[in-house]
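Participant: Contents of coords30.txt (compact mmCIF, C-alpha atoms) are given next:
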```txt
# COMPACT_ATOMS: atom_id res chain seq x y z
CA MET A 1 85.44 -70.66 45.09
CA GLY A 2 84.30 -67.31 46.39
CA GLU A 3 85.23 -65.68 43.09
CA GLU A 4 83.15 -68.19 41.11
CA ARG A 5 80.09 -67.47 43.29
CA ASP A 6 80.49 -63.76 42.73
CA PHE A 7 80.80 -64.35 39.00
CA ASP A 8 77.61 -66.47 38.96
CA ARG A 9 75.66 -63.77 40.91
CA ASP A 10 76.69 -61.09 38.42
CA LYS A 11 75.73 -63.30 35.54
CA ASP A 12 72.26 -63.99 37.03
CA ARG A 13 71.75 -60.26 37.67
CA ASP A 14 72.62 -59.43 34.06
CA ARG A 15 70.23 -62.12 32.80
CA ARG A 16 67.36 -60.76 34.92
CA ARG A 17 68.02 -57.22 33.63
CA SER A 18 68.01 -58.45 30.06
CA ASP A 19 64.70 -60.30 30.62
CA ARG A 20 63.08 -57.20 32.09
CA LYS A 21 64.18 -55.11 29.09
CA ARG A 22 62.76 -57.64 26.64
CA SER A 23 59.50 -57.75 28.63
CA ARG A 24 59.16 -53.96 28.56
CA SER A 25 59.93 -53.94 24.81
CA ARG A 26 57.25 -56.57 24.10
CA SER A 27 54.74 -54.59 26.23
CA LYS A 28 55.41 -51.41 24.23
CA ASP A 29 55.00 -53.30 20.96
CA ARG A 30 51.64 -54.68 22.13
CA ARG A 31 50.38 -51.23 23.14
CA ARG A 32 51.58 -49.73 19.83
CA LYS A 33 49.80 -52.45 17.85
CA SER A 34 46.67 -52.00 19.95
CA ARG A 35 46.58 -48.26 19.17
CA SER A 36 47.18 -48.99 15.50
CA ARG A 37 44.30 -51.49 15.43
CA SER A 38 42.10 -48.99 17.25
CA ARG A 39 42.79 -46.31 14.63
CA ASP A 40 42.25 -48.78 11.80
CA LYS A 41 38.97 -49.88 13.33
CA GLY A 42 37.75 -46.28 13.59
CA ASN A 43 38.77 -45.50 10.01
CA SER A 44 37.23 -48.69 8.64
CA PHE A 45 33.85 -46.88 8.76
CA GLY A 46 35.25 -43.70 7.18
CA VAL A 47 34.86 -41.78 10.45
CA ASP A 48 37.51 -39.45 11.77
CA LYS A 49 36.92 -38.97 15.49
CA LYS A 50 38.32 -35.45 15.45
CA LYS A 51 36.13 -34.53 12.49
CA ALA A 52 33.15 -36.21 14.13
CA ARG A 53 33.66 -34.06 17.19
CA ARG A 54 33.81 -30.91 15.00
CA ARG A 55 30.49 -31.76 13.34
CA LYS A 56 28.68 -31.50 16.66
CA GLN A 57 26.33 -28.50 16.58
CA SER A 58 27.56 -25.56 18.60
CA LEU A 59 25.36 -24.25 21.39
CA TYR A 60 26.81 -20.76 21.12
CA TRP A 61 27.91 -19.89 17.57
CA ASP A 62 25.31 -18.40 15.21
CA VAL A 63 22.76 -18.01 18.00
CA PRO A 64 21.38 -14.46 17.55
CA PRO A 65 20.62 -12.22 20.53
CA ALA A 66 17.09 -11.00 21.20
CA GLY A 67 16.01 -8.52 18.56
CA PHE A 68 18.53 -9.70 15.92
CA GLU A 69 16.83 -12.99 14.91
CA HIS A 70 16.01 -11.76 11.39
CA ILE A 71 19.16 -9.74 10.71
CA THR A 72 21.98 -11.28 8.68
CA PRO A 73 25.65 -10.54 9.49
CA LEU A 74 25.87 -8.29 6.40
CA GLN A 75 22.81 -6.30 7.51
CA TYR A 76 24.25 -6.05 11.03
CA LYS A 77 27.49 -4.60 9.62
CA ALA A 78 25.52 -2.15 7.48
CA MET A 79 23.59 -1.03 10.56
CA GLN A 80 26.86 -0.52 12.41
CA ALA A 81 28.22 1.57 9.53
CA ALA A 82 25.03 3.66 9.57
CA GLY A 83 25.46 4.34 13.28
CA GLN A 84 22.31 2.43 14.25
CA ILE A 85 24.31 -0.03 16.35
CA PRO A 86 27.35 0.86 18.50
CA ALA A 87 30.60 -0.07 16.77
CA THR A 88 31.63 -2.07 19.84
CA LEU A 89 29.74 -3.40 22.82
CA VAL A 90 32.89 -3.74 24.95
CA ALA A 91 33.64 -0.94 27.38
CA ALA A 92 36.93 0.91 27.17
CA PRO A 93 39.52 0.19 29.90
CA GLY A 94 38.51 1.88 33.12
CA MET A 95 34.93 2.50 31.89
CA ALA A 96 31.83 0.77 33.19
CA PRO A 97 30.20 -1.51 30.60
CA VAL A 98 27.04 -0.10 29.02
CA PRO A 99 24.25 -2.69 28.64
CA VAL A 100 22.97 -2.89 25.04
CA VAL A 101 19.82 -4.84 24.28
CA GLY A 102 19.26 -5.94 20.68
CA SER A 103 15.48 -5.57 20.84
CA THR A 104 15.85 -1.95 21.94
CA ILE A 105 18.09 -1.10 18.98
CA THR A 106 15.57 -2.45 16.45
CA ARG A 107 12.43 -1.36 18.30
CA GLN A 108 11.73 1.71 16.15
CA ALA A 109 11.67 -0.55 13.07
CA ARG A 110 9.35 -3.07 14.76
CA ARG A 111 6.55 -0.64 15.65
CA LEU A 112 3.51 0.51 13.65
CA TYR A 113 1.09 3.38 14.19
CA VAL A 114 -2.59 2.36 13.92
CA GLY A 115 -5.06 5.22 13.51
CA ASN A 116 -8.86 5.48 13.38
CA ILE A 117 -9.28 2.64 15.87
CA PRO A 118 -12.81 1.79 17.12
CA PHE A 119 -13.91 3.55 20.27
CA GLY A 120 -13.62 1.43 23.41
CA CYS A 121 -11.46 -1.37 21.96
CA SER A 122 -8.89 -2.82 24.37
CA GLU A 123 -5.20 -3.53 23.85
CA GLU A 124 -5.86 -7.26 24.16
CA GLU A 125 -8.50 -7.10 21.41
CA MET A 126 -6.11 -5.26 19.09
CA MET A 127 -3.33 -7.78 19.70
CA ASP A 128 -5.63 -10.77 19.25
CA TYR A 129 -7.07 -9.32 16.02
CA PHE A 130 -3.70 -8.58 14.41
CA ASN A 131 -2.16 -11.87 15.55
CA SER A 132 -5.07 -13.79 14.02
CA GLN A 133 -4.78 -11.78 10.78
CA MET A 134 -1.02 -12.37 10.60
CA HIS A 135 -1.53 -16.13 10.97
CA ALA A 136 -4.51 -16.23 8.58
CA CYS A 137 -2.52 -14.45 5.83
CA HIS A 138 0.62 -16.53 6.52
CA PHE A 139 2.64 -13.42 7.37
CA SER A 140 3.90 -14.99 10.60
CA GLN A 141 7.46 -16.29 10.13
CA ALA A 142 7.73 -18.48 13.23
CA GLN A 143 5.63 -20.19 15.86
CA GLY A 144 3.89 -18.01 18.40
CA ASN A 145 2.34 -14.57 18.07
CA PRO A 146 4.04 -11.87 15.93
CA VAL A 147 2.55 -8.96 17.96
CA LEU A 148 4.33 -8.55 21.28
CA ALA A 149 2.69 -5.43 22.71
CA CYS A 150 0.03 -2.78 22.12
CA GLN A 151 -0.35 0.74 23.50
CA ILE A 152 -3.63 2.62 22.97
CA ASN A 153 -4.15 6.38 23.29
CA LEU A 154 -7.88 6.65 23.91
CA ASP A 155 -7.90 10.45 23.85
CA LYS A 156 -6.48 10.69 20.33
CA ASN A 157 -7.93 7.42 19.03
CA PHE A 158 -4.73 5.68 17.92
CA ALA A 159 -2.47 2.83 18.98
CA PHE A 160 1.05 1.52 18.56
CA LEU A 161 1.75 -2.15 17.86
CA GLU A 162 5.15 -3.73 18.53
CA PHE A 163 6.14 -6.82 16.52
CA ARG A 164 8.81 -9.40 17.27
CA SER A 165 10.67 -8.99 13.97
CA ILE A 166 11.31 -6.30 11.35
CA ASP A 167 10.16 -8.48 8.45
CA GLU A 168 6.81 -9.24 10.08
CA THR A 169 6.35 -5.53 10.80
CA THR A 170 6.86 -4.72 7.12
CA GLN A 171 4.39 -7.40 6.02
CA ALA A 172 1.78 -5.99 8.45
CA MET A 173 1.88 -2.69 6.52
CA ALA A 174 -0.34 -4.52 3.98
CA PHE A 175 -3.20 -4.32 6.52
CA ASP A 176 -3.54 -0.57 5.97
CA GLY A 177 -7.23 0.08 5.39
CA ILE A 178 -8.39 -3.22 6.92
CA ASN A 179 -11.79 -3.16 8.60
CA PHE A 180 -11.85 -3.70 12.37
CA LYS A 181 -15.21 -3.42 14.16
CA GLY A 182 -16.58 -1.26 11.35
CA GLN A 183 -13.60 1.09 11.26
CA SER A 184 -11.09 1.36 8.41
CA LEU A 185 -7.70 1.32 10.16
CA LYS A 186 -4.85 3.57 9.06
CA ILE A 187 -1.46 1.90 9.43
CA ARG A 188 1.72 3.95 9.19
CA ARG A 189 5.36 3.86 10.22
CA PRO A 190 6.01 5.90 13.41
CA HIS A 191 7.69 9.31 13.14
CA ASP A 192 10.97 7.97 14.59
CA TYR A 193 11.17 5.19 11.98
CA GLN A 194 14.49 4.82 10.18
CA PRO A 195 14.82 2.29 7.33
CA MET A 196 17.06 -0.65 8.22
CA PRO A 197 19.94 -1.15 5.75
CA GLY A 198 19.32 -3.97 3.31
CA MET A 199 15.67 -4.46 4.31
CA SER A 200 12.54 -3.65 2.31
CA GLU A 201 10.23 -0.90 3.56
CA GLN A 202 7.13 -2.15 1.71
CA PRO A 203 5.34 -5.53 1.73
CA ASN A 204 6.43 -7.74 -1.16
CA SER A 205 4.27 -8.18 -4.25
CA ALA A 206 3.15 -11.64 -3.15
CA VAL A 207 1.70 -10.07 -0.01
CA ALA A 208 -0.19 -7.45 -2.03
CA GLY A 209 -1.76 -10.19 -4.10
CA THR A 210 -3.22 -11.83 -0.99
CA MET A 211 -4.72 -8.55 0.26
CA LEU A 212 -7.06 -7.64 -2.62
CA SER A 213 -9.93 -7.16 -0.18
CA VAL A 214 -7.99 -4.52 1.78
CA VAL A 215 -7.90 -1.00 0.31
CA SER A 216 -4.96 1.05 1.56
CA THR A 217 -5.62 4.52 2.96
CA VAL A 218 -2.30 5.80 1.58
CA VAL A 219 -2.46 6.74 -2.11
CA GLN A 220 1.16 6.88 -3.27
CA ASP A 221 2.21 9.53 -5.79
CA SER A 222 2.31 7.94 -9.22
CA PRO A 223 1.10 8.63 -12.78
CA HIS A 224 -1.96 6.51 -11.96
CA LYS A 225 -3.09 8.45 -8.88
CA ILE A 226 -6.58 9.88 -9.50
CA PHE A 227 -8.06 13.09 -8.09
CA VAL A 228 -11.84 13.04 -7.52
CA GLY A 229 -13.36 16.47 -6.80
CA GLY A 230 -16.87 17.86 -6.53
CA LEU A 231 -18.06 15.18 -4.10
CA PRO A 232 -21.15 16.08 -2.06
CA SER A 233 -20.08 16.41 1.56
CA TYR A 234 -22.83 14.06 2.74
CA LEU A 235 -21.22 11.05 0.99
CA ASN A 236 -19.18 8.90 3.36
CA GLU A 237 -16.10 6.79 2.58
CA ASP A 238 -18.02 3.61 1.82
CA GLN A 239 -20.38 5.37 -0.60
CA VAL A 240 -17.56 7.07 -2.53
CA LYS A 241 -15.56 3.86 -2.55
CA GLU A 242 -18.57 1.93 -3.88
CA LEU A 243 -18.92 4.43 -6.73
CA LEU A 244 -15.24 4.13 -7.66
CA MET A 245 -15.18 0.33 -7.38
CA SER A 246 -17.88 0.04 -10.02
CA PHE A 247 -14.93 0.28 -12.45
CA GLY A 248 -12.67 -2.23 -10.67
CA GLN A 249 -10.77 -3.15 -7.52
CA LEU A 250 -9.07 -0.25 -5.71
CA ARG A 251 -5.49 -0.47 -4.49
CA ALA A 252 -5.77 2.67 -2.35
CA PHE A 253 -8.35 5.29 -1.46
CA ASN A 254 -8.37 8.40 0.72
CA LEU A 255 -11.36 10.69 1.28
CA VAL A 256 -9.93 13.98 2.56
CA LYS A 257 -11.65 15.13 5.74
CA ASP A 258 -11.59 18.19 7.94
CA SER A 259 -9.36 17.38 10.91
CA ALA A 260 -11.55 19.39 13.31
CA THR A 261 -15.01 18.15 12.32
CA GLY A 262 -14.20 14.84 10.63
CA LEU A 263 -16.49 15.79 7.73
CA SER A 264 -15.61 15.29 4.08
CA LYS A 265 -13.93 18.20 2.31
CA GLY A 266 -15.53 17.11 -0.95
CA TYR A 267 -12.55 15.52 -2.69
CA ALA A 268 -10.60 12.28 -2.63
CA PHE A 269 -7.66 10.42 -4.16
CA CYS A 270 -7.56 6.83 -5.36
CA GLU A 271 -5.61 4.28 -7.41
CA TYR A 272 -6.74 1.04 -9.05
CA PHE A 273 -4.97 -2.32 -8.85
CA ASP A 274 -5.24 -2.59 -12.63
CA ILE A 275 -3.60 0.59 -13.95
CA ASN A 276 -5.38 0.08 -17.28
CA LEU A 277 -8.63 1.05 -15.51
CA THR A 278 -7.34 4.55 -14.74
CA ASP A 279 -8.39 6.15 -18.03
CA GLN A 280 -11.67 4.21 -18.11
CA ALA A 281 -12.65 5.47 -14.64
CA ILE A 282 -11.69 9.06 -15.49
CA ALA A 283 -13.72 8.97 -18.71
CA GLY A 284 -16.72 7.43 -16.97
CA LEU A 285 -16.77 9.59 -13.83
CA ASN A 286 -15.61 13.03 -14.96
CA GLY A 287 -18.61 15.34 -15.32
CA MET A 288 -21.01 12.88 -13.65
CA GLN A 289 -23.89 14.67 -11.91
CA LEU A 290 -24.19 13.89 -8.19
CA GLY A 291 -26.97 15.88 -6.56
CA ASP A 292 -26.34 19.53 -7.36
CA LYS A 293 -22.66 18.97 -8.18
CA LYS A 294 -20.64 17.56 -11.06
CA LEU A 295 -17.64 15.34 -10.44
CA ILE A 296 -14.21 16.53 -11.52
CA VAL A 297 -12.04 13.46 -12.09
CA GLN A 298 -8.49 13.57 -13.46
CA ARG A 299 -5.00 12.26 -12.87
CA ALA A 300 -3.56 13.89 -9.75
CA SER A 301 -0.25 14.42 -11.54
CA VAL A 302 -1.79 14.63 -15.01
CA GLY A 303 0.21 11.64 -16.13
CA ALA A 304 3.87 12.47 -16.15
CA ARG A 305 5.83 15.61 -16.90
CA ASN A 306 7.64 13.80 -19.69
CA SER A 307 4.50 13.68 -21.82
CA THR A 308 2.67 16.82 -20.69
CA MET A 309 4.97 19.79 -20.30
CA ALA A 310 2.64 22.32 -21.88
CA ALA A 311 1.07 23.79 -18.74
CA PRO A 312 1.31 23.48 -15.00
CA VAL A 313 -1.12 21.14 -13.27
CA GLN A 314 -4.43 22.69 -12.27
CA ILE A 315 -6.08 20.72 -9.47
CA GLN A 316 -9.71 21.73 -9.00
CA VAL A 317 -10.99 21.73 -5.45
CA PRO A 318 -14.68 22.11 -4.49
CA GLY A 319 -15.43 25.67 -3.43
CA LEU A 320 -12.75 27.17 -5.70
CA GLN A 321 -13.64 28.69 -9.04
CA LEU A 322 -10.56 27.81 -11.09
CA SER A 323 -12.23 27.06 -14.42
CA GLY A 324 -10.74 30.22 -15.88
CA GLY A 325 -7.32 29.54 -14.37
CA ALA A 326 -6.29 31.10 -11.07
CA GLY A 327 -8.37 34.24 -11.65
CA PRO A 328 -7.17 37.76 -12.59
CA PRO A 329 -3.51 38.22 -11.59
CA THR A 330 -2.78 40.23 -8.44
CA GLU A 331 0.28 40.62 -6.26
CA VAL A 332 -1.15 38.25 -3.62
CA LEU A 333 -1.04 34.48 -4.14
CA CYS A 334 -3.13 32.02 -2.12
CA LEU A 335 -1.60 28.55 -1.72
CA MET A 336 -3.91 25.70 -0.70
CA ASN A 337 -3.64 22.00 0.15
CA MET A 338 -0.19 22.63 1.67
CA VAL A 339 -0.71 22.64 5.44
CA THR A 340 -3.21 21.29 7.96
CA PRO A 341 -4.39 23.02 11.15
CA ASP A 342 -2.72 20.32 13.26
CA GLU A 343 0.68 21.07 11.70
CA LEU A 344 0.30 24.75 12.58
CA LYS A 345 -0.33 24.16 16.28
CA ASP A 346 3.28 23.29 17.07
CA GLU A 347 5.36 26.48 17.30
CA GLU A 348 8.58 24.94 16.00
CA GLU A 349 6.87 23.20 13.08
CA TYR A 350 5.00 26.42 12.24
CA GLU A 351 8.27 28.38 12.03
CA ASP A 352 9.83 25.67 9.85
CA ILE A 353 6.87 25.80 7.43
CA LEU A 354 6.99 29.59 7.35
CA ASP A 355 10.73 29.67 6.54
CA ASP A 356 10.43 26.90 3.96
CA ILE A 357 7.63 28.65 2.02
CA ARG A 358 9.28 32.09 2.21
CA GLU A 359 12.58 30.70 0.92
CA GLU A 360 10.91 28.95 -2.03
CA CYS A 361 8.75 31.98 -2.98
CA ASN A 362 11.76 34.30 -2.91
CA LYS A 363 13.12 32.35 -5.89
CA TYR A 364 10.43 33.89 -8.11
CA GLY A 365 10.38 37.48 -6.83
CA VAL A 366 10.53 39.72 -3.79
CA VAL A 367 8.21 38.56 -1.00
CA LYS A 368 6.80 41.56 0.90
CA SER A 369 4.79 39.62 3.46
CA LEU A 370 3.58 36.12 4.26
CA GLU A 371 0.53 35.08 6.28
CA ILE A 372 -0.44 31.60 7.47
CA PRO A 373 -3.55 31.80 9.72
CA ARG A 374 -3.16 29.51 12.71
CA PRO A 375 -5.89 27.60 14.56
CA ILE A 376 -7.24 28.97 17.84
CA GLU A 377 -9.09 26.59 20.13
CA GLY A 378 -12.80 27.32 20.19
CA VAL A 379 -12.55 29.93 17.41
CA ASP A 380 -13.34 29.48 13.70
CA VAL A 381 -10.25 31.14 12.17
CA PRO A 382 -10.86 32.39 8.58
CA GLY A 383 -8.33 31.04 6.08
CA CYS A 384 -6.89 28.46 8.47
CA GLY A 385 -4.99 25.88 6.40
CA LYS A 386 -4.24 28.35 3.59
CA VAL A 387 -1.04 30.29 2.86
CA PHE A 388 -1.10 33.90 1.61
CA VAL A 389 2.02 35.38 -0.03
CA GLU A 390 2.29 39.06 -1.01
CA PHE A 391 4.84 39.77 -3.74
CA ASN A 392 6.43 43.08 -4.72
CA SER A 393 4.76 43.02 -8.14
CA VAL A 394 2.09 41.23 -10.14
CA ILE A 395 4.80 39.82 -12.47
CA ASP A 396 6.60 38.19 -9.53
CA CYS A 397 3.31 36.74 -8.33
CA GLN A 398 2.57 35.29 -11.78
CA LYS A 399 6.00 33.64 -11.89
CA ALA A 400 5.36 32.03 -8.52
CA GLN A 401 1.88 30.88 -9.54
CA GLN A 402 3.18 29.23 -12.71
CA ASN A 403 5.97 27.42 -10.87
CA LEU A 404 4.20 26.41 -7.67
CA THR A 405 0.92 25.10 -9.09
CA GLY A 406 0.96 21.32 -9.03
CA ARG A 407 4.17 21.16 -6.97
CA LYS A 408 4.37 18.72 -4.05
CA PHE A 409 4.53 20.00 -0.49
CA ALA A 410 4.56 17.48 2.39
CA ASN A 411 3.20 14.82 -0.01
CA ARG A 412 0.32 17.08 -1.11
CA VAL A 413 -0.40 18.67 -4.50
CA VAL A 414 -0.28 22.47 -4.24
CA VAL A 415 -3.34 24.39 -5.46
CA THR A 416 -2.95 28.12 -6.24
CA SER A 417 -5.25 31.10 -6.76
CA TYR A 418 -4.76 34.87 -6.93
CA PHE A 419 -6.19 36.77 -3.97
CA ASP A 420 -7.72 40.26 -3.58
CA PRO A 421 -5.00 42.55 -2.11
CA ASP A 422 -7.56 44.70 -0.29
CA LYS A 423 -9.03 41.68 1.47
CA TYR A 424 -5.53 40.50 2.25
CA HIS A 425 -4.59 43.77 3.99
CA ARG A 426 -7.90 43.75 5.88
CA ARG A 427 -7.14 40.11 6.83
CA GLU A 428 -10.42 38.96 5.36
CA PHE A 429 -9.12 35.49 4.61
```
Would you mind writing the file's structure down as structure tokens?
Facilitator:
Amino acid sequence: MGEERDFDRDKDRDRRRSDRKRSRSRSKDRRRKSRSRSRDKGNSFGVDKKKARRRKQSLYWDVPPAGFEHITPLQYKAMQAAGQIPATLVAAPGMAPVPVVGSTITRQARRLYVGNIPFGCSEEEMMDYFNSQMHACHFSQAQGNPVLACQINLDKNFAFLEFRSIDETTQAMAFDGINFKGQSLKIRRPHDYQPMPGMSEQPNSAVAGTMLSVVSTVVQDSPHKIFVGGLPSYLNEDQVKELLMSFGQLRAFNLVKDSATGLSKGYAFCEYFDINLTDQAIAGLNGMQLGDKKLIVQRASVGARNSTMAAPVQIQVPGLQLSGGAGPPTEVLCLMNMVTPDELKDEEEYEDILDDIREECNKYGVVKSLEIPRPIEGVDVPGCGKVFVEFNSVIDCQKAQQNLTGRKFANRVVVTSYFDPDKYHRREF
């Protein structure tokens, strides 16, 4: 009997084990089917949960740092290759990390020099004026104000504007010559400006079309640049501009003034929007009597060298008698329209100019001596702004005169004339 009871207990234990196994198996099947239904339900709408999660917009990728908002990855790489951005911003092992701010790297390309500003204007007024102009001309590329800061130098009558982006800075170049409180502003790139790789340095053509009322103060060298000489010194910019605009809308105009007195030197340069007006204006203005003077109007480059190779360019400047050429040949050559008194004040720049001119003149003969009178504060220095070169012979001087007349020096057209050797040695410049 005892053996039968033991047999029955074992049999019951085996049955309970078998039931538990079947129960666990059925539970697994239910969970597996539940997961399968869940996947099928998600896919019934064509949505993959993993893919849906990937489509969520990243909060970190493609978010540019300050100062790089308008720079594409390709432009950034080009800037790195040009050495304008450090190749890596991660410090070497054992070295302290160096903080690099994006806005600082691009700052020199986001600043503009503004000259001839009205006396007494404040930095806030300048910023408000340029911000309103940027918005009015649709040059602003985002919400908010494009001009971030302004620094005014009251002593020297100029200011620097800092913009938030490089593109907006370039578009603001179109405001060169704009009238602010009765003053025609001069807008330039600063001296430390370096072009950014892959970015334009000039406003696009669409911008130029919207700025017909603004006449630039920078007359670029081109076959259509016009020289206007023989202007009475009492005529101001507006009067000369009015005379020229009787033939059509000007693209650019610059009345050359004495840097010390601010008075007109009697000549100017201009260019028309419609290049077809160039010849009409020259024909209509050249020889025109103004007071006791006659206008001398011609192309600054006399067209192009391709079509006129017969003779070097002769630019006529009021006060110089060049109708018969450069005068009787001597061994002393006077070079004009090359340097300004301000450029001669700095010792280092003066030495650079001296070496540059001597090196070029030595190509045409032996240079015995070279004189460039420098400005002295409170003293009217004779010949200041002119260059005098003494050659070993008249033949050498003639070679130099023929080759240097009409050449460009610091974006100016060189004017030449022979000079009396006796006056030169007595320093009667």
Participant: If we count only C-alpha atoms, what is near Ile166 of chain A at a cut-off of 8 Å, once residues fewer than 2 positions away on the same chain are taken out, given as a VMD selection string?
Facilitator: chain A and resid 70 106 109 to 110 163 to 164 168 to 170
Participant: For atom CA of Ala410 of chain A and atom CA of Phe158 of chain A, quote the distance in Å rounded to one decimal.
Facilitator: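 Atom-to-atom, atom CA of Ala410 of chain A to atom CA of Phe158 of chain A, that is 21.6 Å.
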Participant: Give me the residues within 6 Å of segment 171-177 of chain A as a list in words, counting all atoms listed in the file and dropping any in the same chain fewer than 6 places off.
Facilitator: Ser184, Leu185, Lys186, Ile187, Pro203, Val214, Val215, Ser216 and Thr217 of chain A
Participant: Find the spatial neighbours of Glu125 of chain A, counting all atoms listed in the file, within a cut-off of 10 Å - ignore same-chain residues fewer than 5 positions away - and output them as a PyMOL selection string.
Facilitator: chain A and resi 130-131+150
Participant: From the set A:Asp274, A:Asp279, A:Asp238, A:Glu331, which residue has the shortest atom-to-atom contact distance to Ser417 of chain A, counting all atoms listed in the file?
Facilitator: A:Glu331
Participant: Rounded to one decimal in Å, what is the spacing between atom CA of Glu348 of chain A and atom CA of Tyr193 of chain A?
Facilitator: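 Spanning atom CA of Glu348 of chain A to atom CA of Tyr193 of chain A is a straight-line distance of 20.3 Å.
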Participant: Would you compute the distance between atom CA of Asn157 of chain A and atom CA of Tyr113 of chain A? Give it in Å to one decimal.
Facilitator: 11.0 Å
Participant: Tell me, as a PyMOL selection string, which residues lie within 10 Å of Ile357 of chain A, counting only C-alpha atoms; anything in the same chain fewer than 2 positions away does not count.
Facilitator: chain A and resi 335+338+352-355+359-362+370+387+389+409
Participant: Can you pull out every residue within 10 Å of segment 376-382 of chain A, counting all atoms listed in the file, but drop anything in the same chain fewer than 4 positions away, and send it as number ranges by chain?
Facilitator: A: 341, 345, 386, 427-429
Participant: Store the residues picked out above in a file with C-alpha atoms, as a PDB file, keeping the file's coordinate frame.
Facilitator:
```
ATOM      1  CA  PRO A 341      -4.390  23.020  11.150  1.00  0.00           C
ATOM      2  CA  LYS A 345      -0.330  24.160  16.280  1.00  0.00           C
ATOM      3  CA  LYS A 386      -4.240  28.350   3.590  1.00  0.00           C
ATOM      4  CA  ARG A 427      -7.140  40.110   6.830  1.00  0.00           C
ATOM      5  CA  GLU A 428     -10.420  38.960   5.360  1.00  0.00           C
ATOM      6  CA  PHE A 429      -9.120  35.490   4.610  1.00  0.00           C
TER       7      PHE A 429
END
```
Participant: Counting all atoms listed in the file, which residue out of A:Leu295, A:Ala283, A:Val366, A:Met288 sits closest to Gly229 of chain A?
Facilitator: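 The closest residue to Gly229 of chain A is A:Leu295.
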Participant: Starting from 5 Å padding per side, set up an axis-aligned box that covers all listed atoms of segment 392-405 of chain A and hand over centre and edge lengths in Å, one decimal, as AutoDock Vina command-line options.
Facilitator:
```
--center_x 3.8 --center_y 34.1 --center_z -8.7 --size_x 15.7 --size_y 28.0 --size_z 18.0
```
Participant: Find the residue from A:Leu333, A:Leu250, A:Val228, A:Val394 that sits nearest to Arg299 of chain A; use only C-alpha atoms when measuring.
Facilitator: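 Result for the nearest residue to Arg299 of chain A: A:Val228.
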Participant: Considering only C-alpha atoms, can you say which of A:Asp346, A:Asp420, A:Asp167, A:Glu271 comes closest to Val218 of chain A?
Facilitator: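 Between A:Asp346, A:Asp420, A:Asp167, A:Glu271, the residue approaching Val218 of chain A most closely is A:Glu271.
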